[in-house]
Structure formats: structure tokens, C-alpha cells
file data.cif (mmCIF, C-alpha atoms)
data_upload
#
loop_
_atom_site.label_atom_id
_atom_site.label_comp_id
_atom_site.auth_asym_id
_atom_site.auth_seq_id
_atom_site.Cartn_x
_atom_site.Cartn_y
_atom_site.Cartn_z
CA MET A 1 -20.14 19.63 4.29
CA TYR A 2 -16.55 19.10 3.24
CA ASP A 3 -14.87 21.51 0.83
CA PRO A 4 -13.70 19.68 -2.35
CA ALA A 5 -10.60 21.92 -2.57
CA GLN A 6 -9.61 20.92 0.95
CA LEU A 7 -10.29 17.25 0.21
CA ARG A 8 -8.15 17.43 -2.95
CA THR A 9 -5.32 18.98 -0.96
CA PHE A 10 -5.69 16.34 1.76
CA LEU A 11 -5.47 13.52 -0.81
CA THR A 12 -2.37 15.02 -2.39
CA VAL A 13 -0.59 15.35 0.97
CA ALA A 14 -1.60 11.76 1.82
CA GLN A 15 -0.13 10.51 -1.47
CA THR A 16 3.14 12.44 -1.33
CA LEU A 17 3.50 12.52 2.50
CA SER A 18 4.93 15.98 1.95
CA PHE A 19 3.32 19.41 2.25
CA THR A 20 6.03 20.78 -0.06
CA GLN A 21 5.43 18.19 -2.79
CA ALA A 22 1.66 18.62 -2.45
CA ALA A 23 1.99 22.37 -2.92
CA HIS A 24 4.15 21.85 -6.01
CA ARG A 25 1.70 19.40 -7.57
CA LEU A 26 -1.34 21.56 -6.86
CA GLY A 27 0.29 24.86 -7.78
CA LEU A 28 -0.41 26.29 -4.33
CA ARG A 29 1.67 27.93 -1.63
CA GLN A 30 2.74 25.62 1.17
CA SER A 31 0.92 27.87 3.63
CA THR A 32 -2.29 27.35 1.65
CA VAL A 33 -1.83 23.58 1.77
CA SER A 34 -1.36 23.75 5.54
CA GLN A 35 -4.46 25.93 5.84
CA HIS A 36 -6.58 23.51 3.79
CA VAL A 37 -5.51 20.56 5.95
CA ARG A 38 -6.10 22.50 9.18
CA ARG A 39 -9.60 23.55 8.11
CA LEU A 40 -10.47 20.01 7.04
CA GLU A 41 -9.30 18.71 10.42
CA GLU A 42 -11.46 21.35 12.11
CA ALA A 43 -14.48 20.32 10.02
CA ALA A 44 -13.93 16.65 10.83
CA GLY A 45 -13.06 17.30 14.47
CA ARG A 46 -10.16 14.85 14.10
CA THR A 47 -6.41 14.96 13.51
CA LEU A 48 -5.69 13.57 10.05
CA PHE A 49 -1.88 13.77 10.00
CA THR A 50 0.91 13.52 12.52
CA ARG A 51 3.80 15.68 11.37
CA ASP A 52 7.13 17.07 12.49
CA THR A 53 10.06 18.70 10.70
CA HIS A 54 11.12 15.37 9.14
CA SER A 55 8.02 13.34 8.34
CA VAL A 56 4.29 13.34 7.63
CA GLU A 57 2.12 10.32 8.44
CA LEU A 58 -1.60 9.60 8.25
CA THR A 59 -3.44 8.95 11.49
CA GLU A 60 -6.12 6.26 11.74
CA ASP A 61 -8.73 8.96 11.14
CA GLY A 62 -6.70 10.16 8.17
CA GLU A 63 -6.76 6.65 6.71
CA ALA A 64 -10.54 6.62 7.14
CA MET A 65 -10.86 10.03 5.46
CA LEU A 66 -9.08 8.74 2.33
CA GLY A 67 -12.06 6.70 1.17
CA PHE A 68 -14.57 9.45 1.91
CA ALA A 69 -12.45 12.07 0.11
CA ARG A 70 -12.11 9.93 -3.03
CA THR A 71 -15.85 9.19 -3.10
CA ILE A 72 -16.83 12.85 -2.71
CA LEU A 73 -14.38 14.09 -5.35
CA GLN A 74 -15.33 11.38 -7.84
CA ALA A 75 -19.02 12.24 -7.39
CA ASN A 76 -18.24 15.92 -8.01
CA GLU A 77 -16.32 15.07 -11.18
CA ARG A 78 -19.09 12.82 -12.52
CA ALA A 79 -21.69 15.50 -11.86
CA ALA A 80 -19.58 18.17 -13.57
CA ALA A 81 -18.99 15.95 -16.60
CA PHE A 82 -22.71 15.10 -16.86
CA PHE A 83 -24.00 18.65 -16.71
CA THR A 84 -21.32 20.23 -18.89
CA GLY A 85 -21.56 17.48 -21.48
CA SER A 86 -17.76 17.35 -21.69
CA ARG A 87 -17.39 13.58 -21.39
CA PRO A 88 -14.10 12.44 -22.96
CA ARG A 89 -14.29 9.88 -25.76
CA GLY A 90 -12.07 8.15 -28.30
CA ARG A 91 -8.99 5.92 -28.05
CA LEU A 92 -6.49 6.30 -25.20
CA ARG A 93 -3.21 4.37 -25.28
CA PHE A 94 -2.06 4.06 -21.65
CA GLY A 95 1.18 2.49 -20.48
CA ALA A 96 1.79 1.33 -16.90
CA SER A 97 5.00 0.09 -15.34
CA GLU A 98 5.33 -3.57 -14.30
CA ASP A 99 5.66 -2.28 -10.73
CA PHE A 100 1.89 -1.75 -10.54
CA VAL A 101 0.81 -5.25 -11.60
CA LEU A 102 0.18 -6.31 -8.00
CA THR A 103 -1.32 -3.03 -6.77
CA ARG A 104 -4.84 -1.60 -6.90
CA LEU A 105 -4.26 0.12 -10.25
CA PRO A 106 -6.86 -2.22 -11.85
CA GLU A 107 -9.48 -0.77 -9.46
CA ILE A 108 -8.63 2.75 -10.64
CA LEU A 109 -8.86 1.70 -14.28
CA GLU A 110 -12.14 -0.13 -13.67
CA SER A 111 -13.67 3.01 -12.10
CA PHE A 112 -12.36 5.11 -14.99
CA ARG A 113 -13.95 2.82 -17.57
CA ARG A 114 -17.25 2.88 -15.68
CA ASP A 115 -17.21 6.68 -15.48
CA HIS A 116 -16.02 7.17 -19.08
CA PRO A 117 -17.61 4.43 -21.20
CA GLU A 118 -16.97 6.40 -24.42
CA VAL A 119 -13.19 6.05 -23.99
CA ASP A 120 -11.55 3.03 -25.64
CA LEU A 121 -8.73 2.31 -23.20
CA GLU A 122 -5.74 0.35 -24.53
CA LEU A 123 -3.39 -0.80 -21.75
CA THR A 124 0.31 -1.62 -22.20
CA VAL A 125 2.26 -3.07 -19.25
CA GLU A 126 6.01 -2.85 -19.71
CA LEU A 127 9.30 -1.87 -18.11
CA SER A 128 9.51 1.83 -17.30
CA GLY A 129 12.42 2.32 -19.69
CA THR A 130 10.46 0.72 -22.52
CA LEU A 131 7.42 2.89 -21.78
CA HIS A 132 9.55 6.02 -22.00
CA ARG A 133 10.74 4.97 -25.47
CA GLU A 134 7.21 4.10 -26.64
CA LEU A 135 5.92 7.48 -25.44
CA GLU A 136 8.73 9.33 -27.21
CA ALA A 137 7.99 7.38 -30.40
CA GLY A 138 4.34 8.48 -30.28
CA ARG A 139 2.97 4.99 -29.67
CA LEU A 140 1.47 5.85 -26.26
CA ASP A 141 -0.60 8.83 -25.05
CA LEU A 142 -0.08 8.59 -21.29
CA VAL A 143 2.43 6.70 -19.16
CA LEU A 144 2.67 5.88 -15.45
CA ALA A 145 6.27 4.87 -14.83
CA LYS A 146 9.47 5.45 -12.91
CA ARG A 147 11.28 8.67 -13.72
CA ARG A 148 14.71 8.15 -15.22
CA THR A 149 17.69 9.25 -13.12
CA GLY A 150 18.43 12.90 -13.82
CA ASP A 151 15.04 13.60 -15.43
CA THR A 152 12.83 16.35 -14.03
CA HIS A 153 9.79 16.18 -16.31
CA GLY A 154 6.56 14.41 -15.48
CA GLU A 155 3.88 14.90 -12.82
CA LEU A 156 4.94 13.31 -9.54
CA VAL A 157 2.49 10.66 -8.34
CA TRP A 158 4.56 9.01 -5.64
CA ARG A 159 8.12 8.98 -4.29
CA SER A 160 9.48 5.93 -2.48
CA PRO A 161 12.87 4.61 -1.35
CA LEU A 162 14.33 1.67 -3.24
CA THR A 163 15.53 -1.20 -1.09
CA TRP A 164 17.11 -4.65 -1.42
CA ILE A 165 14.66 -7.52 -0.88
CA GLY A 166 14.86 -11.30 -0.85
CA ALA A 167 13.51 -14.47 0.73
CA PRO A 168 13.35 -14.36 4.55
CA ARG A 169 15.88 -17.19 4.89
CA LEU A 170 18.32 -15.81 2.31
CA ARG A 171 21.86 -15.31 3.60
CA ILE A 172 24.33 -13.00 1.85
CA ASP A 173 27.88 -14.40 1.61
CA PRO A 174 30.25 -11.39 1.76
CA ASP A 175 33.05 -13.45 0.18
CA ARG A 176 31.10 -14.19 -3.02
CA PRO A 177 29.60 -11.96 -5.76
CA LEU A 178 26.13 -10.71 -4.88
CA PRO A 179 23.49 -12.76 -6.76
CA LEU A 180 21.06 -10.39 -8.51
CA ILE A 181 17.51 -10.87 -9.78
CA LEU A 182 16.90 -8.20 -12.41
CA PHE A 183 14.68 -6.92 -15.15
CA PRO A 184 16.54 -6.80 -18.49
CA PRO A 185 17.64 -3.49 -20.04
CA PRO A 186 16.31 -0.80 -20.21
CA GLY A 187 14.97 -1.40 -16.69
CA ILE A 188 15.43 1.72 -14.56
CA THR A 189 15.73 -0.20 -11.27
CA ARG A 190 18.27 -2.52 -12.91
CA ALA A 191 20.41 0.42 -14.00
CA ARG A 192 20.25 1.98 -10.53
CA ALA A 193 21.24 -1.28 -8.78
CA LEU A 194 24.22 -1.94 -11.04
CA GLU A 195 25.41 1.68 -10.89
CA VAL A 196 25.30 1.70 -7.07
CA LEU A 197 27.13 -1.63 -6.78
CA GLU A 198 29.83 -0.53 -9.24
CA ARG A 199 30.26 2.79 -7.41
CA HIS A 200 30.84 0.92 -4.14
CA GLY A 201 33.16 -1.62 -5.76
CA LEU A 202 31.00 -4.61 -4.83
CA PRO A 203 31.21 -7.73 -7.02
CA TRP A 204 27.96 -9.12 -8.42
CA ARG A 205 26.53 -11.73 -10.76
CA ILE A 206 23.12 -12.08 -12.39
CA SER A 207 21.24 -15.14 -11.14
CA CYS A 208 17.92 -14.43 -12.90
CA THR A 209 16.59 -12.08 -15.59
CA SER A 210 12.93 -11.79 -16.53
CA THR A 211 10.67 -9.22 -18.18
CA SER A 212 7.89 -10.39 -15.86
CA LEU A 213 7.60 -9.14 -12.29
CA SER A 214 5.95 -12.45 -11.38
CA GLY A 215 9.01 -14.28 -12.71
CA LEU A 216 11.37 -12.15 -10.63
CA ILE A 217 9.26 -12.65 -7.52
CA ALA A 218 9.25 -16.42 -8.03
CA ALA A 219 13.05 -16.43 -8.34
CA ALA A 220 13.43 -14.30 -5.21
CA ARG A 221 11.08 -16.52 -3.22
CA ALA A 222 13.18 -19.50 -4.31
CA GLY A 223 16.22 -17.85 -2.74
CA LEU A 224 18.13 -17.30 -6.00
CA GLY A 225 19.29 -13.82 -5.01
CA VAL A 226 18.28 -10.27 -4.13
CA MET A 227 16.14 -7.71 -5.96
CA ALA A 228 16.23 -3.93 -5.94
CA HIS A 229 12.61 -2.99 -5.39
CA THR A 230 10.33 -0.16 -4.31
CA ARG A 231 9.99 -0.31 -0.52
CA GLY A 232 6.29 0.53 -0.64
CA LEU A 233 5.54 -2.40 -2.96
CA ILE A 234 7.37 -5.36 -1.40
CA PRO A 235 5.55 -8.53 -2.59
CA PRO A 236 4.21 -11.08 -0.08
CA GLY A 237 6.75 -13.71 0.84
CA LEU A 238 9.73 -11.35 0.48
CA THR A 239 11.37 -9.02 2.96
CA GLN A 240 13.95 -6.25 3.17
CA ILE A 241 17.56 -7.40 3.41
CA PRO A 242 18.77 -6.33 6.88
CA ALA A 243 21.29 -3.50 7.16
CA ARG A 244 23.88 -5.85 8.66
CA ALA A 245 24.29 -7.41 5.20
CA GLY A 246 26.16 -4.26 4.21
CA LEU A 247 24.40 -3.58 0.91
CA PRO A 248 24.59 0.05 -0.29
CA ASP A 249 21.70 2.51 -0.20
CA LEU A 250 19.76 2.67 -3.47
CA GLY A 251 18.19 6.10 -3.00
CA ASP A 252 14.65 7.12 -3.93
CA VAL A 253 12.60 6.56 -7.05
CA ASP A 254 9.86 8.80 -8.45
CA PHE A 255 6.75 7.44 -10.15
CA VAL A 256 5.37 10.03 -12.56
CA LEU A 257 2.67 10.60 -15.14
CA LEU A 258 4.01 11.55 -18.56
CA HIS A 259 1.87 12.85 -21.41
CA GLY A 260 2.68 12.21 -25.04
CA ARG A 261 1.79 14.25 -28.08
CA GLU A 262 -1.92 13.44 -27.81
CA THR A 263 -4.38 15.81 -29.48
CA GLY A 264 -8.15 16.35 -29.47
CA ARG A 265 -10.12 13.52 -27.92
CA ALA A 266 -7.02 11.64 -26.78
CA ARG A 267 -5.88 14.71 -24.84
CA GLU A 268 -9.22 15.00 -23.02
CA ALA A 269 -9.18 11.27 -22.20
CA ALA A 270 -5.56 11.43 -21.02
CA ARG A 271 -6.36 14.34 -18.71
CA ALA A 272 -9.34 12.48 -17.27
CA LEU A 273 -7.32 9.32 -16.59
CA SER A 274 -4.44 11.37 -15.18
CA SER A 275 -6.87 13.01 -12.73
CA ALA A 276 -8.28 9.61 -11.73
CA ILE A 277 -4.80 8.20 -11.07
CA LEU A 278 -3.74 11.21 -9.01
CA ALA A 279 -6.98 11.04 -7.01
CA GLY A 280 -6.40 7.36 -6.22
CA ALA A 281 -2.61 7.39 -5.98
CA ASP A 282 -2.59 6.20 -2.36
CA ARG A 283 -4.03 2.88 -3.61
CA LEU A 284 -0.90 2.37 -5.71
CA HIS A 285 1.06 1.82 -2.49
CA ARG A 286 -1.01 -1.20 -1.59
CA GLN A 287 -0.89 -4.80 -2.75
CA VAL A 288 -4.05 -6.54 -3.94
#

call {"tool": "encode", "arguments": {"input": "data.cif", "output": "C-alpha cells"}}
result
Amino acid sequence: MYDPAQLRTFLTVAQTLSFTQAAHRLGLRQSTVSQHVRRLEEAAGRTLFTRDTHSVELTEDGEAMLGFARTILQANERAAAFFTGSRPRGRLRFGASEDFVLTRLPEILESFRRDHPEVDLELTVELSGTLHRELEAGRLDLVLAKRRTGDTHGELVWRSPLTWIGAPRLRIDPDRPLPLILFPPPGITRARALEVLERHGLPWRISCTSTSLSGLIAAARAGLGVMAHTRGLIPPGLTQIPARAGLPDLGDVDFVLLHGRETGRAREAARALSSAILAGADRLHRQV
């Protein structure tokens, strides 16, 4: 038998790749997080993480445990909802960043709809900056998006470095302005890329703008320029620009869950979907 509390801790560490971040999300001491992982490894008889002072990585057995942990926790949640009669219902307006179009977010939403058929889920896919504005205006109940630079609010789902990507055969000419493929304002990645280039005094020009991630990917595959993109979500057919190109570091980006001013049934539904996303957050790192 595996302890659900230990499984929940294991999933959170796997998603954040940080015992510190996992402790913060779960509201536990870091020593408790370490204890949960150690006891789960003892129960499984396998090492689930390799870790040192700088990094945490899943082992092959840890990767295998991900699926089992999700299944066990989801079964527990369904049983609790059935016997307590506290199944959420009503309309839920959910906004997701364009970044997740090519990930396994649809699988998470499909499972949520199957487990909560009384919830009328309305999905909006937009730029993170636009989703922030819609949430603040009261037009969305729950948002999964990038956190704006300098913001501290929101429940951390995943942190990842940003990187420059482009077509494998793309060559950067240091004597010409850097050709950029960008979302339009108020794109958060766009703002970060332009701010970093300006800070380093590097000339640039915009070679393509699109509100669609698919449009930006097509332009990048055609060799029109470079994109600033989440390293964990690099689309097929594109690759990181090598360090020898001399492009500046873009730093990290946080993907967070943000709740609006939902009340009553919408609040219950938002909490249920938030829990489902956090439980399956490792699938948001993976392309479909």
C-alpha cells in the first residue's frame, strides 16, 4: 500500500524538481518532504530521484511511479467526491496560455470532464498577458499562464528556463539585426525578449508576429528568425540556438494557477480543476 500523502509529495517534487518549491506548494517543512520521498522509496524498494545540492532529477523508476501515483490519487479523489456528495457543478470559465496548445493539457481537461460531468467547462486559449487582463476584469474564473515579471501571486505549477530557438539550419549574422518571431503585445515572453536585448544593446527587427503559436512555429521552421520559448516545450522541428551565437540569457519563467473572484459553485469547480492540473503538471512538460 502506498500512502496518498507521500504520493502527493512525490508528484509535487517531480513537477517542480525542487524539494524547496514542493514544500512551499504543499505547506510542509522541507524535512517533511524529504521524509515522505524517503519513505515512498523504501515502500517501492527503488530510488525515485537522483539529487545533489544543485539539481533534482527523476530516475527511470521515478518516471514509472508518476503514472501509478496519478492513478491512485485520482481514484482517491473520485471516491471521496462520491461518498461525500460534494461533486462540483456549474459553469467554470478557464483560461490557458497558448504555450500549452501542444502539450497534454487536453488529456487533463478530458479526465476532469469525465470525473466532473456536472461542470460546464468553458475554455479560453490566449496569450498569458491577455489572460491576466481577462481574469482581473472578472471574465475568467481560473487561469493557467505565465507569471508576469515582478509578480509573486499565483500557485506555482512549473518553472522553466526560457531559451532562444530556431530552425536547425538557421545561422545568426552578428553584423545584422537579430530577426525575431514574436507574439504581439501583451505577450510576456515578447516583453522579456525585447527587454533583454535592449539591456544588452543588441539590435533587432521583427520578422514575424502572430497570435497563434502554430503560426510562430511555422515561421521559425521556415527559418525567418528566432523565438524566445520555454525550454521544456520546444516544438518538433526546432532546436535551441547554440551558445556560440552569443544571444543573451533570458532567465526563467513561472507558470502559475491564478484564481479570480469566483463564488459558490464556480469556486468549487475551480478548486477541483486546479487540483487536477497540479496532480498532472508533469504532463504539461511533454509534447503530444

call {"tool": "closest_residue", "arguments": {"input": "data.cif", "among": "A:Gly90, A:Gly45, A:Pro242, A:Gly129", "to": "Ala167 (chain A)", "atoms": "only C-alpha atoms"}}
result
A:Pro242

call {"tool": "residues_around", "arguments": {"input": "data.cif", "residues": "region 65-71 of chain A", "least_positions_apart": "2", "cutoff": "7 Å", "atoms": "only C-alpha atoms", "output": "PyMOL selection string"}}
result
chain A and resi 7+11+61-63+73-75+279

call {"tool": "resolve_selection", "arguments": {"input": "data.cif", "expression": "the PyMOL selection byres ((chain A and resi 201-213) around 10)", "output": "JSON, numbers by chain"}}
result
{"A": [98, 99, 100, 101, 102, 125, 126, 127, 174, 175, 176, 177, 178, 179, 180, 181, 182, 183, 184, 185, 187, 194, 195, 196, 197, 198, 199, 200, 214, 215, 216, 217, 218, 219, 220, 224, 225, 226, 227, 235, 247, 248]}

call {"tool": "residues_around", "arguments": {"input": "data.cif", "residues": "Leu284 (chain A)", "least_positions_apart": "3", "cutoff": "6 Å", "atoms": "all atoms listed in the file", "output": "list in words"}}
result
Thr103, Arg104 and Ala281 of chain A

call {"tool": "resolve_selection", "arguments": {"input": "data.cif", "expression": "the PyMOL selection byres ((chain A and resi 155-161) around 10)", "output": "NGL selection string"}}
result
:A and (12 or 15-18 or 21-22 or 24-25 or 144-147 or 152-154 or 162-163 or 229-233 or 249-259 or 274 or 277-282 or 284-285)

call {"tool": "resolve_selection", "arguments": {"input": "data.cif", "expression": "the PyMOL selection byres ((chain A and resi 41) around 12)", "output": "list in words"}}
result
Tyr2, Asp3, Gln6, Leu7, Phe10, Ser34, Gln35, His36, Val37, Arg38, Arg39, Leu40, Glu42, Ala43, Ala44, Gly45, Arg46, Thr47, Leu48, Phe49, Thr50, Thr59, Asp61, Gly62 and Met65 of chain A

call {"tool": "atom_distance", "arguments": {"input": "data.cif", "atom1": "CA of Ala23 (chain A)", "atom2": "CA of His54 (chain A)"}}
result
16.7 Å

call {"tool": "closest_residue", "arguments": {"input": "data.cif", "among": "A:Asp151, A:Asp120, A:Asp141, A:Glu77", "to": "Pro4 (chain A)", "atoms": "all atoms listed in the file"}}
result
A:Glu77

call {"tool": "closest_residue", "arguments": {"input": "data.cif", "among": "A:Arg78, A:Met1, A:Leu135, A:Ala14", "to": "Leu58 (chain A)", "atoms": "only C-alpha atoms"}}
result
A:Ala14

call {"tool": "closest_residue", "arguments": {"input": "data.cif", "among": "A:Thr53, A:Asp173, A:Leu26, A:Gly260", "to": "Leu131 (chain A)", "atoms": "all atoms listed in the file"}}
result
A:Gly260

call {"tool": "closest_residue", "arguments": {"input": "data.cif", "among": "A:Ile72, A:Val56, A:Phe94, A:Phe112", "to": "Gly138 (chain A)", "atoms": "all atoms listed in the file"}}
result
A:Phe94

call {"tool": "atom_distance", "arguments": {"input": "data.cif", "atom1": "CA of Ala243 (chain A)", "atom2": "CA of Arg190 (chain A)"}}
result
20.3 Å

call {"tool": "atom_distance", "arguments": {"input": "data.cif", "atom1": "CA of Thr149 (chain A)", "atom2": "CA of Ala96 (chain A)"}}
result
18.2 Å

call {"tool": "closest_residue", "arguments": {"input": "data.cif", "among": "A:Asp52, A:Thr9, A:Ala137, A:Pro236", "to": "Ser31 (chain A)", "atoms": "all atoms listed in the file"}}
result
A:Thr9
